[in-house]
$ cat protein.cif   # mmCIF, C-alpha atoms
data_protein
#
loop_
_atom_site.group_PDB
_atom_site.id
_atom_site.type_symbol
_atom_site.label_atom_id
_atom_site.label_comp_id
_atom_site.auth_asym_id
_atom_site.auth_seq_id
_atom_site.Cartn_x
_atom_site.Cartn_y
_atom_site.Cartn_z
ATOM 1 C CA MET A 1 4.278 -59.577 0.909
ATOM 2 C CA LYS A 2 3.086 -56.434 2.629
ATOM 3 C CA ARG A 3 6.656 -55.375 3.377
ATOM 4 C CA THR A 4 7.592 -55.872 -0.273
ATOM 5 C CA LYS A 5 4.766 -53.556 -1.408
ATOM 6 C CA ILE A 6 5.916 -50.873 1.009
ATOM 7 C CA ILE A 7 9.474 -51.103 -0.304
ATOM 8 C CA ILE A 8 8.245 -50.823 -3.888
ATOM 9 C CA LEU A 9 6.114 -47.793 -3.047
ATOM 10 C CA LEU A 10 9.024 -46.115 -1.283
ATOM 11 C CA PHE A 11 11.242 -46.768 -4.297
ATOM 12 C CA ILE A 12 8.665 -45.236 -6.650
ATOM 13 C CA PHE A 13 8.275 -42.190 -4.393
ATOM 14 C CA MET A 14 12.021 -41.615 -4.125
ATOM 15 C CA SER A 15 12.402 -42.024 -7.880
ATOM 16 C CA PHE A 16 9.695 -39.424 -8.428
ATOM 17 C CA MET A 17 11.348 -36.964 -6.042
ATOM 18 C CA VAL A 18 14.746 -37.392 -7.698
ATOM 19 C CA SER A 19 13.215 -36.910 -11.156
ATOM 20 C CA ALA A 20 11.378 -33.775 -10.012
ATOM 21 C CA ALA A 21 14.593 -32.350 -8.580
ATOM 22 C CA LEU A 22 16.480 -33.058 -11.799
ATOM 23 C CA LEU A 23 13.759 -31.461 -13.901
ATOM 24 C CA ALA A 24 13.380 -28.390 -11.669
ATOM 25 C CA ALA A 25 14.510 -25.159 -13.283
ATOM 26 C CA PRO A 26 17.882 -23.995 -11.954
ATOM 27 C CA GLU A 27 18.176 -20.678 -10.141
ATOM 28 C CA GLU A 28 19.812 -17.944 -12.197
ATOM 29 C CA LYS A 29 21.432 -14.724 -10.969
ATOM 30 C CA VAL A 30 22.189 -11.395 -12.589
ATOM 31 C CA GLU A 31 24.225 -8.638 -10.930
ATOM 32 C CA LYS A 32 25.012 -5.290 -12.504
ATOM 33 C CA THR A 33 26.146 -1.856 -11.286
ATOM 34 C CA PHE A 34 25.385 1.520 -12.868
ATOM 35 C CA SER A 35 26.217 5.147 -12.200
ATOM 36 C CA LYS A 36 23.441 7.239 -10.654
ATOM 37 C CA LYS A 37 20.492 7.943 -12.941
ATOM 38 C CA ASP A 38 17.651 10.425 -12.756
ATOM 39 C CA GLU A 39 15.082 7.655 -13.120
ATOM 40 C CA ILE A 40 14.587 3.896 -13.004
ATOM 41 C CA ARG A 41 11.677 2.366 -14.919
ATOM 42 C CA PHE A 42 10.408 -1.079 -13.949
ATOM 43 C CA LYS A 43 8.125 -3.065 -16.230
ATOM 44 C CA LEU A 44 7.699 -6.461 -14.574
ATOM 45 C CA VAL A 45 5.343 -9.382 -15.078
ATOM 46 C CA LEU A 46 5.598 -11.672 -12.047
ATOM 47 C CA GLY A 47 8.688 -10.313 -10.344
ATOM 48 C CA ASP A 48 8.833 -8.848 -6.853
ATOM 49 C CA CYS A 49 10.901 -5.725 -6.276
ATOM 50 C CA GLN A 50 12.826 -4.552 -3.216
ATOM 51 C CA LEU A 51 14.329 -1.059 -3.180
ATOM 52 C CA LYS A 52 17.018 -0.298 -0.598
ATOM 53 C CA LYS A 53 19.531 2.448 0.140
ATOM 54 C CA SER A 54 22.770 2.163 -1.790
ATOM 55 C CA ALA A 55 25.988 2.304 0.221
ATOM 56 C CA ASP A 56 27.499 4.549 -2.453
ATOM 57 C CA SER A 57 26.201 6.856 -5.180
ATOM 58 C CA ARG A 58 25.666 4.037 -7.671
ATOM 59 C CA ILE A 59 22.778 1.712 -8.563
ATOM 60 C CA HIS A 60 23.242 -1.980 -7.823
ATOM 61 C CA VAL A 61 20.892 -4.463 -9.474
ATOM 62 C CA HIS A 62 20.576 -8.009 -8.088
ATOM 63 C CA LEU A 63 18.173 -10.355 -9.853
ATOM 64 C CA VAL A 64 17.441 -13.935 -8.787
ATOM 65 C CA TYR A 65 15.014 -16.011 -10.853
ATOM 66 C CA SER A 66 13.929 -19.543 -11.641
ATOM 67 C CA TYR A 67 11.273 -20.442 -14.213
ATOM 68 C CA GLU A 68 10.478 -23.557 -16.175
ATOM 69 C CA PRO A 69 12.131 -23.520 -19.626
ATOM 70 C CA ASP A 70 8.838 -23.361 -21.506
ATOM 71 C CA MET A 71 8.144 -19.964 -19.889
ATOM 72 C CA SER A 72 10.850 -18.308 -22.027
ATOM 73 C CA TYR A 73 11.638 -15.838 -19.239
ATOM 74 C CA GLU A 74 13.960 -13.027 -20.319
ATOM 75 C CA PRO A 75 15.152 -10.201 -18.057
ATOM 76 C CA ARG A 76 16.133 -7.015 -19.861
ATOM 77 C CA ILE A 77 18.416 -4.384 -18.348
ATOM 78 C CA LYS A 78 19.386 -1.366 -20.406
ATOM 79 C CA GLU A 79 20.485 2.263 -20.123
ATOM 80 C CA ARG A 80 19.209 5.179 -22.153
ATOM 81 C CA GLY A 81 20.684 8.494 -21.156
ATOM 82 C CA ASP A 82 19.745 9.256 -17.545
ATOM 83 C CA THR A 83 17.168 6.434 -17.346
ATOM 84 C CA LEU A 84 17.695 2.783 -16.401
ATOM 85 C CA TYR A 85 15.147 0.258 -17.687
ATOM 86 C CA LEU A 86 14.515 -3.026 -15.849
ATOM 87 C CA GLU A 87 12.021 -5.261 -17.625
ATOM 88 C CA GLU A 88 10.714 -8.808 -17.815
ATOM 89 C CA LYS A 89 9.610 -10.566 -20.996
ATOM 90 C CA MET A 90 7.765 -13.833 -20.657
ATOM 91 C CA ARG A 91 5.802 -16.289 -22.790
ATOM 92 C CA GLY A 92 3.755 -19.290 -21.763
ATOM 93 C CA ASN A 93 0.668 -20.214 -19.760
ATOM 94 C CA ASN A 94 0.344 -21.066 -16.062
ATOM 95 C CA PRO A 95 3.782 -19.747 -15.098
ATOM 96 C CA LYS A 96 5.710 -21.669 -12.453
ATOM 97 C CA GLY A 97 8.682 -20.017 -10.832
ATOM 98 C CA TYR A 98 9.782 -16.757 -9.277
ATOM 99 C CA SER A 99 11.892 -13.670 -9.820
ATOM 100 C CA THR A 100 13.085 -11.117 -7.272
ATOM 101 C CA TRP A 101 14.710 -7.812 -8.147
ATOM 102 C CA THR A 102 16.705 -6.269 -5.293
ATOM 103 C CA VAL A 103 17.864 -2.818 -6.340
ATOM 104 C CA GLU A 104 20.064 -0.585 -4.199
ATOM 105 C CA VAL A 105 19.564 3.052 -5.098
ATOM 106 C CA PRO A 106 20.971 6.417 -3.956
ATOM 107 C CA ASP A 107 18.694 9.127 -2.578
ATOM 108 C CA ASP A 108 16.837 11.605 -4.780
ATOM 109 C CA ILE A 109 15.955 9.347 -7.685
ATOM 110 C CA GLU A 110 12.622 8.799 -9.451
ATOM 111 C CA ILE A 111 11.082 5.338 -9.678
ATOM 112 C CA ASP A 112 8.400 4.370 -12.196
ATOM 113 C CA PHE A 113 7.143 0.910 -11.217
ATOM 114 C CA LYS A 114 4.710 -1.378 -13.027
ATOM 115 C CA SER A 115 4.088 -5.048 -12.324
ATOM 116 C CA ALA A 116 1.253 -7.402 -13.210
ATOM 117 C CA THR A 117 1.395 -9.441 -9.985
ATOM 118 C CA GLY A 118 4.610 -8.583 -8.147
ATOM 119 C CA ASN A 119 5.116 -7.015 -4.719
ATOM 120 C CA LEU A 120 6.924 -3.734 -4.088
ATOM 121 C CA ALA A 121 8.889 -3.041 -0.887
ATOM 122 C CA VAL A 122 10.869 0.156 -0.260
ATOM 123 C CA GLU A 123 13.046 0.688 2.801
ATOM 124 C CA GLY A 124 15.372 3.325 4.209
ATOM 125 C CA VAL A 125 15.687 5.604 1.201
ATOM 126 C CA LYS A 126 14.602 9.090 0.090
ATOM 127 C CA ILE A 127 13.036 8.786 -3.366
ATOM 128 C CA GLU A 128 9.968 9.495 -5.481
ATOM 129 C CA VAL A 129 7.843 6.501 -6.490
ATOM 130 C CA ASP A 130 5.015 6.388 -9.028
ATOM 131 C CA GLY A 131 3.781 2.841 -9.411
ATOM 132 C CA ASN A 132 1.080 0.217 -9.615
ATOM 133 C CA THR A 133 0.694 -3.535 -9.410
ATOM 134 C CA GLY A 134 -2.269 -5.698 -10.277
ATOM 135 C CA THR A 135 -2.289 -8.103 -7.327
ATOM 136 C CA GLY A 136 0.892 -7.436 -5.375
ATOM 137 C CA ASP A 137 1.378 -5.922 -1.919
ATOM 138 C CA ILE A 138 3.118 -2.570 -1.405
ATOM 139 C CA GLN A 139 5.150 -1.661 1.676
ATOM 140 C CA PHE A 140 7.118 1.431 2.681
ATOM 141 C CA ASN A 141 9.338 1.373 5.756
ATOM 142 C CA LYS A 142 11.449 4.293 7.003
ATOM 143 C CA VAL A 143 11.273 6.194 3.731
ATOM 144 C CA LYS A 144 11.078 9.860 2.776
ATOM 145 C CA GLY A 145 9.738 11.444 -0.382
ATOM 146 C CA GLU A 146 6.684 11.390 -2.630
ATOM 147 C CA TYR A 147 4.722 8.195 -3.199
ATOM 148 C CA ASP A 148 1.813 7.748 -5.595
ATOM 149 C CA VAL A 149 1.052 4.026 -5.744
ATOM 150 C CA SER A 150 -1.874 1.668 -6.226
ATOM 151 C CA THR A 151 -2.659 -2.035 -6.227
ATOM 152 C CA GLY A 152 -5.681 -3.865 -7.524
ATOM 153 C CA THR A 153 -6.087 -6.523 -4.836
ATOM 154 C CA GLY A 154 -2.997 -6.258 -2.647
ATOM 155 C CA ASN A 155 -2.459 -4.648 0.750
ATOM 156 C CA ILE A 156 -0.558 -1.415 1.409
ATOM 157 C CA GLU A 157 1.487 -0.659 4.536
ATOM 158 C CA VAL A 158 3.415 2.479 5.487
ATOM 159 C CA TYR A 159 5.614 2.528 8.611
ATOM 160 C CA GLU A 160 7.836 5.186 10.193
ATOM 161 C CA SER A 161 7.913 7.261 7.028
ATOM 162 C CA GLN A 162 7.706 10.891 5.993
ATOM 163 C CA GLY A 163 6.455 12.687 2.905
ATOM 164 C CA GLU A 164 3.523 12.877 0.515
ATOM 165 C CA PHE A 165 1.566 9.618 0.341
ATOM 166 C CA ASP A 166 -1.180 8.918 -2.207
ATOM 167 C CA VAL A 167 -1.917 5.207 -1.769
ATOM 168 C CA SER A 168 -4.904 3.153 -2.877
ATOM 169 C CA SER A 169 -6.045 -0.451 -3.141
ATOM 170 C CA GLY A 170 -9.029 -1.841 -4.972
ATOM 171 C CA THR A 171 -9.870 -4.598 -2.485
ATOM 172 C CA GLY A 172 -6.931 -4.791 -0.072
ATOM 173 C CA ARG A 173 -6.231 -3.309 3.352
ATOM 174 C CA VAL A 174 -4.393 -0.018 3.827
ATOM 175 C CA LYS A 175 -2.455 0.627 7.045
ATOM 176 C CA ILE A 176 -0.318 3.646 7.960
ATOM 177 C CA LYS A 177 1.554 3.894 11.259
ATOM 178 C CA ASN A 178 3.990 6.296 12.955
ATOM 179 C CA SER A 179 4.414 8.532 9.913
ATOM 180 C CA LYS A 180 4.480 12.247 9.103
ATOM 181 C CA GLY A 181 3.349 14.292 6.122
ATOM 182 C CA ASN A 182 0.223 14.477 3.980
ATOM 183 C CA PHE A 183 -1.910 11.444 3.253
ATOM 184 C CA ASP A 184 -4.539 10.317 0.766
ATOM 185 C CA ALA A 185 -5.253 6.674 1.606
ATOM 186 C CA SER A 186 -8.164 4.688 0.206
ATOM 187 C CA SER A 187 -9.530 1.221 -0.467
ATOM 188 C CA GLY A 188 -12.532 0.156 -2.479
ATOM 189 C CA THR A 189 -13.618 -2.679 -0.188
ATOM 190 C CA GLY A 190 -10.838 -3.121 2.368
ATOM 191 C CA SER A 191 -10.272 -1.446 5.722
ATOM 192 C CA VAL A 192 -8.199 1.723 6.054
ATOM 193 C CA LYS A 193 -6.414 2.322 9.379
ATOM 194 C CA ALA A 194 -3.937 4.932 10.560
ATOM 195 C CA GLU A 195 -2.299 5.725 13.899
ATOM 196 C CA GLY A 196 0.667 7.600 15.281
ATOM 197 C CA LEU A 197 0.471 10.262 12.578
ATOM 198 C CA THR A 198 1.572 13.867 12.290
ATOM 199 C CA ILE A 199 -0.298 15.680 9.518
ATOM 200 C CA ASP A 200 1.248 18.756 7.903
ATOM 201 C CA VAL A 201 -1.682 20.027 5.819
ATOM 202 C CA ASP A 202 -4.261 17.357 5.035
ATOM 203 C CA GLY A 203 -5.110 13.719 5.528
ATOM 204 C CA ASP A 204 -7.896 11.826 3.771
ATOM 205 C CA PHE A 205 -8.654 8.235 4.786
ATOM 206 C CA SER A 206 -11.554 6.504 3.051
ATOM 207 C CA SER A 207 -13.053 3.128 2.224
ATOM 208 C CA GLY A 208 -15.929 2.310 -0.061
ATOM 209 C CA THR A 209 -17.378 -0.648 1.857
ATOM 210 C CA GLY A 210 -14.852 -1.249 4.649
ATOM 211 C CA ASP A 211 -14.156 0.529 7.929
ATOM 212 C CA ALA A 212 -11.989 3.638 8.025
ATOM 213 C CA GLU A 213 -10.382 4.163 11.447
ATOM 214 C CA VAL A 214 -7.868 6.843 12.449
ATOM 215 C CA SER A 215 -6.258 7.873 15.725
ATOM 216 C CA PHE A 216 -6.267 11.655 16.240
ATOM 217 C CA PRO A 217 -3.009 12.938 14.719
ATOM 218 C CA ASP A 218 -0.505 15.510 15.895
ATOM 219 C CA GLY A 219 -0.295 18.791 14.028
ATOM 220 C CA THR A 220 -1.926 22.216 14.083
ATOM 221 C CA ASP A 221 -3.799 23.721 11.143
ATOM 222 C CA PHE A 222 -4.449 20.488 9.268
ATOM 223 C CA GLU A 223 -7.637 19.109 7.716
ATOM 224 C CA LEU A 224 -8.578 15.493 8.392
ATOM 225 C CA THR A 225 -11.317 13.450 6.680
ATOM 226 C CA VAL A 226 -12.299 9.939 7.751
ATOM 227 C CA SER A 227 -15.025 8.370 5.601
ATOM 228 C CA SER A 228 -16.715 5.129 4.610
ATOM 229 C CA GLY A 229 -19.460 4.572 2.094
ATOM 230 C CA THR A 230 -21.317 1.715 3.789
ATOM 231 C CA ASN A 231 -19.345 0.897 6.945
ATOM 232 C CA ASP A 232 -18.024 2.803 9.938
ATOM 233 C CA ALA A 233 -15.866 5.935 9.889
ATOM 234 C CA ILE A 234 -14.114 6.169 13.262
ATOM 235 C CA LEU A 235 -11.855 8.750 14.887
ATOM 236 C CA ASN A 236 -10.195 7.737 18.164
ATOM 237 C CA MET A 237 -9.010 10.567 20.420
ATOM 238 C CA ASN A 238 -7.082 8.147 22.674
ATOM 239 C CA GLY A 239 -7.422 10.504 25.637
ATOM 240 C CA LYS A 240 -6.310 13.622 23.735
ATOM 241 C CA GLN A 241 -8.083 16.923 24.312
ATOM 242 C CA PHE A 242 -10.865 17.850 21.911
ATOM 243 C CA LYS A 243 -9.697 20.812 19.855
ATOM 244 C CA GLY A 244 -10.837 22.267 16.566
ATOM 245 C CA TYR A 245 -13.917 21.970 14.378
ATOM 246 C CA PHE A 246 -15.620 18.553 14.209
ATOM 247 C CA GLU A 247 -18.262 17.774 11.581
ATOM 248 C CA PHE A 248 -20.231 14.537 11.158
ATOM 249 C CA THR A 249 -22.280 13.382 8.170
ATOM 250 C CA CYS A 250 -24.459 10.304 7.601
ATOM 251 C CA HIS A 251 -27.469 9.110 5.624
ATOM 252 C CA ALA A 252 -30.589 10.317 7.446
ATOM 253 C CA ARG A 253 -32.395 6.938 7.487
ATOM 254 C CA ARG A 254 -29.654 4.329 7.222
ATOM 255 C CA GLY A 255 -26.648 5.956 8.894
ATOM 256 C CA ARG A 256 -25.859 6.927 12.461
ATOM 257 C CA ILE A 257 -23.725 9.525 14.269
ATOM 258 C CA VAL A 258 -22.107 8.600 17.597
ATOM 259 C CA CYS A 259 -20.386 11.398 19.522
ATOM 260 C CA PRO A 260 -19.620 12.042 23.235
ATOM 261 C CA VAL A 261 -19.758 15.840 22.777
ATOM 262 C CA LYS A 262 -22.851 18.024 22.503
ATOM 263 C CA PHE A 263 -23.350 19.517 19.046
ATOM 264 C CA ASP A 264 -23.398 23.256 18.319
ATOM 265 C CA LYS A 265 -25.305 22.808 15.084
ATOM 266 C CA GLU A 266 -27.525 20.129 13.508
ATOM 267 C CA GLU A 267 -29.140 20.172 10.067
ATOM 268 C CA GLU A 268 -30.527 18.098 7.202
ATOM 269 C CA PHE A 269 -29.473 18.519 3.591
ATOM 270 C CA GLU A 270 -30.163 16.892 0.234
ATOM 271 C CA GLY A 271 -27.591 15.225 -1.979
ATOM 272 C CA ASN A 272 -28.053 12.959 -4.998
ATOM 273 C CA GLY A 273 -31.734 12.602 -4.212
ATOM 274 C CA GLN A 274 -31.013 11.455 -0.625
ATOM 275 C CA THR A 275 -31.409 13.119 2.764
ATOM 276 C CA TYR A 276 -28.409 13.403 5.081
ATOM 277 C CA PHE A 277 -27.702 14.621 8.604
ATOM 278 C CA ARG A 278 -24.864 17.046 9.291
ATOM 279 C CA LYS A 279 -23.871 17.796 12.888
ATOM 280 C CA SER A 280 -20.930 19.778 14.217
ATOM 281 C CA PHE A 281 -19.211 21.322 17.251
ATOM 282 C CA THR A 282 -16.156 23.502 17.863
ATOM 283 C CA LYS A 283 -13.742 23.370 20.784
ATOM 284 C CA GLY A 284 -11.408 26.322 21.105
ATOM 285 C CA LYS A 285 -10.264 27.468 17.654
ATOM 286 C CA ASP A 286 -11.876 26.247 14.456
ATOM 287 C CA VAL A 287 -8.678 24.406 13.462
ATOM 288 C CA PRO A 288 -7.802 21.702 12.889
ATOM 289 C CA LYS A 289 -10.858 20.806 10.825
ATOM 290 C CA ILE A 290 -12.150 17.264 11.258
ATOM 291 C CA TYR A 291 -14.725 15.571 9.005
ATOM 292 C CA ILE A 292 -16.174 12.148 9.852
ATOM 293 C CA LYS A 293 -18.480 10.808 7.153
ATOM 294 C CA THR A 294 -20.477 7.703 6.360
ATOM 295 C CA GLY A 295 -23.323 6.730 4.107
ATOM 296 C CA THR A 296 -25.032 3.802 5.821
ATOM 297 C CA GLY A 297 -22.606 2.988 8.647
ATOM 298 C CA LYS A 298 -21.636 4.896 11.797
ATOM 299 C CA ALA A 299 -19.774 8.184 11.926
ATOM 300 C CA ARG A 300 -18.165 7.717 15.332
ATOM 301 C CA LEU A 301 -15.949 9.805 17.598
ATOM 302 C CA ASN A 302 -14.365 7.953 20.519
ATOM 303 C CA LYS A 303 -12.768 9.628 23.535
#

$ encode --input "protein.cif" --output "structure tokens"
Amino acid sequence: MKRTKIIILLFIFMSFMVSAALLAAPEEKVEKTFSKKDEIRFKLVLGDCQLKKSADSRIHVHLVYSYEPDMSYEPRIKERGDTLYLEEKMRGNNPKGYSTWTVEVPDDIEIDFKSATGNLAVEGVKIEVDGNTGTGDIQFNKVKGEYDVSTGTGNIEVYESQGEFDVSSGTGRVKIKNSKGNFDASSGTGSVKAEGLTIDVDGDFSSGTGDAEVSFPDGTDFELTVSSGTNDAILNMNGKQFKGYFEFTCHARRGRIVCPVKFDKEEEFEGNGQTYFRKSFTKGKDVPKIYIKTGTGKARLNK
């Protein structure tokens, strides 16, 4: 009797699995090729996007997607003059499925990217990107160019890249490593970390309520700011020689300054009805200029 029940249960389970497989939405593919454009505009809903270097001077679009029929998913690909438009139209609640756009692009093209929840990954190409996503992650790897991107809750990572980077996340982590150029990196509540950098002119790394931690960059006459509103702002020298002007700021009662070097100047000042400490020292020339700031955390310089 017990064996019979087991057989019946196995039969029901296998029947359910077969039915689910038959009802699953099939995977669809779209592949198109275009001549080089000045700009590509993405307007996605759930789709992820990967941008890679084209092997020729043309644009190659590869789309793979699978959604349940009641989602009424419709990809739209169209040309207008020197602009290529890649869009998603979708209807329905509680979407189940996926879509991935892999687009191979030539160098020196502008990208305007918008997605509600999708990720953006860019690798091995020289382009300009202006984009945002609501909840997706953003990653740049071995790229050159100008990048102005933001995400609401996702993480941002930049590796082995060069250019102008303005990157921000509302609640996610921001990490930049082994890169060169100018940087404005921020997070509302997540940590911001950077190492292995060369700064041309300026670098600003800040978090509202998370830690901001930077390893002392290469460069000469640059300006570097490391700041956190309520947590620690940390600059690690990693054995490098102290050189330039170093200035520390914190809330007088609730913040703290930690520094292994004797200060040349110490003062109090008022701001927004609050009292702050400002302390500084100079080693050699007064460049580069380094600012380490916190409200209620620690402004720390490590050897």

$ atom_distance --input "protein.cif" --atom1 "CA of Asp108 in chain A" --atom2 "CA of Leu51 in chain A"
13.0 Å

$ resolve_selection --input "protein.cif" --expression "the PyMOL selection byres ((chain A and resi 257) around 7)" --output "ChimeraX atom specification"
/A:248,250,256,258-259,298-300

$ write_last_selection --input "protein.cif" --atoms "C-alpha atoms" --output "PDB file, keeping the file's coordinate frame"
ATOM      1  CA  PHE A 248     -20.231  14.537  11.158  1.00  0.00           C
ATOM      2  CA  CYS A 250     -24.459  10.304   7.601  1.00  0.00           C
ATOM      3  CA  ARG A 256     -25.859   6.927  12.461  1.00  0.00           C
ATOM      4  CA  VAL A 258     -22.107   8.600  17.597  1.00  0.00           C
ATOM      5  CA  CYS A 259     -20.386  11.398  19.522  1.00  0.00           C
ATOM      6  CA  LYS A 298     -21.636   4.896  11.797  1.00  0.00           C
ATOM      7  CA  ALA A 299     -19.774   8.184  11.926  1.00  0.00           C
ATOM      8  CA  ARG A 300     -18.165   7.717  15.332  1.00  0.00           C
TER       9      ARG A 300
END

$ resolve_selection --input "protein.cif" --expression "the PyMOL selection byres ((chain A and resi 157-167) around 6)" --output "PyMOL selection string"
chain A and resi 139-150+156+168+174-185

$ write_last_selection --input "protein.cif" --atoms "C-alpha atoms" --output "PDB file, in the frame of the given file"
ATOM      1  CA  GLN A 139       5.150  -1.661   1.676  1.00  0.00           C
ATOM      2  CA  PHE A 140       7.118   1.431   2.681  1.00  0.00           C
ATOM      3  CA  ASN A 141       9.338   1.373   5.756  1.00  0.00           C
ATOM      4  CA  LYS A 142      11.449   4.293   7.003  1.00  0.00           C
ATOM      5  CA  VAL A 143      11.273   6.194   3.731  1.00  0.00           C
ATOM      6  CA  LYS A 144      11.078   9.860   2.776  1.00  0.00           C
ATOM      7  CA  GLY A 145       9.738  11.444  -0.382  1.00  0.00           C
ATOM      8  CA  GLU A 146       6.684  11.390  -2.630  1.00  0.00           C
ATOM      9  CA  TYR A 147       4.722   8.195  -3.199  1.00  0.00           C
ATOM     10  CA  ASP A 148       1.813   7.748  -5.595  1.00  0.00           C
ATOM     11  CA  VAL A 149       1.052   4.026  -5.744  1.00  0.00           C
ATOM     12  CA  SER A 150      -1.874   1.668  -6.226  1.00  0.00           C
ATOM     13  CA  ILE A 156      -0.558  -1.415   1.409  1.00  0.00           C
ATOM     14  CA  SER A 168      -4.904   3.153  -2.877  1.00  0.00           C
ATOM     15  CA  VAL A 174      -4.393  -0.018   3.827  1.00  0.00           C
ATOM     16  CA  LYS A 175      -2.455   0.627   7.045  1.00  0.00           C
ATOM     17  CA  ILE A 176      -0.318   3.646   7.960  1.00  0.00           C
ATOM     18  CA  LYS A 177       1.554   3.894  11.259  1.00  0.00           C
ATOM     19  CA  ASN A 178       3.990   6.296  12.955  1.00  0.00           C
ATOM     20  CA  SER A 179       4.414   8.532   9.913  1.00  0.00           C
ATOM     21  CA  LYS A 180       4.480  12.247   9.103  1.00  0.00           C
ATOM     22  CA  GLY A 181       3.349  14.292   6.122  1.00  0.00           C
ATOM     23  CA  ASN A 182       0.223  14.477   3.980  1.00  0.00           C
ATOM     24  CA  PHE A 183      -1.910  11.444   3.253  1.00  0.00           C
ATOM     25  CA  ASP A 184      -4.539  10.317   0.766  1.00  0.00           C
ATOM     26  CA  ALA A 185      -5.253   6.674   1.606  1.00  0.00           C
TER      27      ALA A 185
END

$ residues_near_point --input "protein.cif" --point "(-6.7, 10.0, 22.7)" --cutoff "8 Å" --atoms "all atoms listed in the file" --output "ChimeraX atom specification"
/A:215-216,236-241,303

$ axis_aligned_box --input "protein.cif" --around "range 100-116 of chain A" --padding-each-side "6 Å" --output "JSON"
{"center_x": 11.1, "center_y": 0.2, "center_z": -7.9, "size_x": 31.7, "size_y": 34.7, "size_z": 22.6}

$ residues_around --input "protein.cif" --residues "Leu235 in chain A" --least-positions-apart "6" --cutoff "10 Å" --atoms "only C-alpha atoms" --output "PyMOL selection string"
chain A and resi 194+212-217+224-227+290-292+299-303

$ residues_near_point --input "protein.cif" --point "(15.2, -18.3, -13.6)" --cutoff "10 Å" --atoms "only C-alpha atoms" --output "PDB file with C-alpha atoms, in the coordinates of the input"
ATOM      1  CA  ALA A  25      14.510 -25.159 -13.283  1.00  0.00           C
ATOM      2  CA  PRO A  26      17.882 -23.995 -11.954  1.00  0.00           C
ATOM      3  CA  GLU A  27      18.176 -20.678 -10.141  1.00  0.00           C
ATOM      4  CA  GLU A  28      19.812 -17.944 -12.197  1.00  0.00           C
ATOM      5  CA  LYS A  29      21.432 -14.724 -10.969  1.00  0.00           C
ATOM      6  CA  VAL A  30      22.189 -11.395 -12.589  1.00  0.00           C
ATOM      7  CA  LEU A  63      18.173 -10.355  -9.853  1.00  0.00           C
ATOM      8  CA  VAL A  64      17.441 -13.935  -8.787  1.00  0.00           C
ATOM      9  CA  TYR A  65      15.014 -16.011 -10.853  1.00  0.00           C
ATOM     10  CA  SER A  66      13.929 -19.543 -11.641  1.00  0.00           C
ATOM     11  CA  TYR A  67      11.273 -20.442 -14.213  1.00  0.00           C
ATOM     12  CA  GLU A  68      10.478 -23.557 -16.175  1.00  0.00           C
ATOM     13  CA  PRO A  69      12.131 -23.520 -19.626  1.00  0.00           C
ATOM     14  CA  MET A  71       8.144 -19.964 -19.889  1.00  0.00           C
ATOM     15  CA  SER A  72      10.850 -18.308 -22.027  1.00  0.00           C
ATOM     16  CA  TYR A  73      11.638 -15.838 -19.239  1.00  0.00           C
ATOM     17  CA  GLU A  74      13.960 -13.027 -20.319  1.00  0.00           C
ATOM     18  CA  PRO A  75      15.152 -10.201 -18.057  1.00  0.00           C
ATOM     19  CA  GLY A  97       8.682 -20.017 -10.832  1.00  0.00           C
ATOM     20  CA  TYR A  98       9.782 -16.757  -9.277  1.00  0.00           C
ATOM     21  CA  SER A  99      11.892 -13.670  -9.820  1.00  0.00           C
ATOM     22  CA  THR A 100      13.085 -11.117  -7.272  1.00  0.00           C
TER      23      THR A 100
END

$ atom_distance --input "protein.cif" --atom1 "CA of Glu79 in chain A" --atom2 "CA of Asp107 in chain A"
18.9 Å

$ residues_around --input "protein.cif" --residues "Arg80 in chain A" --least-positions-apart "6" --cutoff "12 Å" --atoms "all atoms listed in the file" --output "short mmCIF file (atom, residue, chain, number, x, y, z; two decimals) with C-alpha atoms, keeping the file's coordinate frame"
data_model
loop_
_atom_site.label_atom_id
_atom_site.label_comp_id
_atom_site.auth_asym_id
_atom_site.auth_seq_id
_atom_site.Cartn_x
_atom_site.Cartn_y
_atom_site.Cartn_z
CA PHE A 34 25.38 1.52 -12.87
CA LYS A 37 20.49 7.94 -12.94
CA ASP A 38 17.65 10.42 -12.76
CA GLU A 39 15.08 7.66 -13.12
CA ILE A 40 14.59 3.90 -13.00
CA ARG A 41 11.68 2.37 -14.92
CA LEU A 86 14.52 -3.03 -15.85
#

$ atom_distance --input "protein.cif" --atom1 "CA of Gly131 in chain A" --atom2 "CA of Phe113 in chain A"
4.3 Å

$ resolve_selection --input "protein.cif" --expression "the PyMOL selection byres ((chain A and resi 200) around 8)" --output "number ranges by chain"
A: 180-182, 198-199, 201-202, 219-222

$ closest_residue --input "protein.cif" --among "A:Pro95, A:Gly229, A:Gly255, A:Gly47" --to "Asp70 in chain A" --atoms "all atoms listed in the file"
A:Pro95

$ residues_around --input "protein.cif" --residues "Asp211 in chain A" --least-positions-apart "4" --cutoff "10 Å" --atoms "all atoms listed in the file" --output "list in words"
Arg173, Ser187, Thr189, Gly190, Ser191, Val192, Lys193, Phe205, Ser206, Ser207, Val226, Ser227, Ser228, Gly229, Thr230, Asn231, Asp232, Ala233, Ile234, Thr294, Gly297 and Lys298 of chain A

$ closest_residue --input "protein.cif" --among "A:Val103, A:Ile138, A:Phe246, A:Lys293" --to "Lys265 in chain A" --atoms "only C-alpha atoms"
A:Phe246

$ residues_around --input "protein.cif" --residues "Glu87 in chain A" --least-positions-apart "6" --cutoff "8 Å" --atoms "all atoms listed in the file" --output "MDAnalysis selection string"
chainID A and resid 42:44 75:77

$ closest_residue --input "protein.cif" --among "A:Glu104, A:Glu88, A:Glu123, A:Gly188" --to "Ile59 in chain A" --atoms "only C-alpha atoms"
A:Glu104
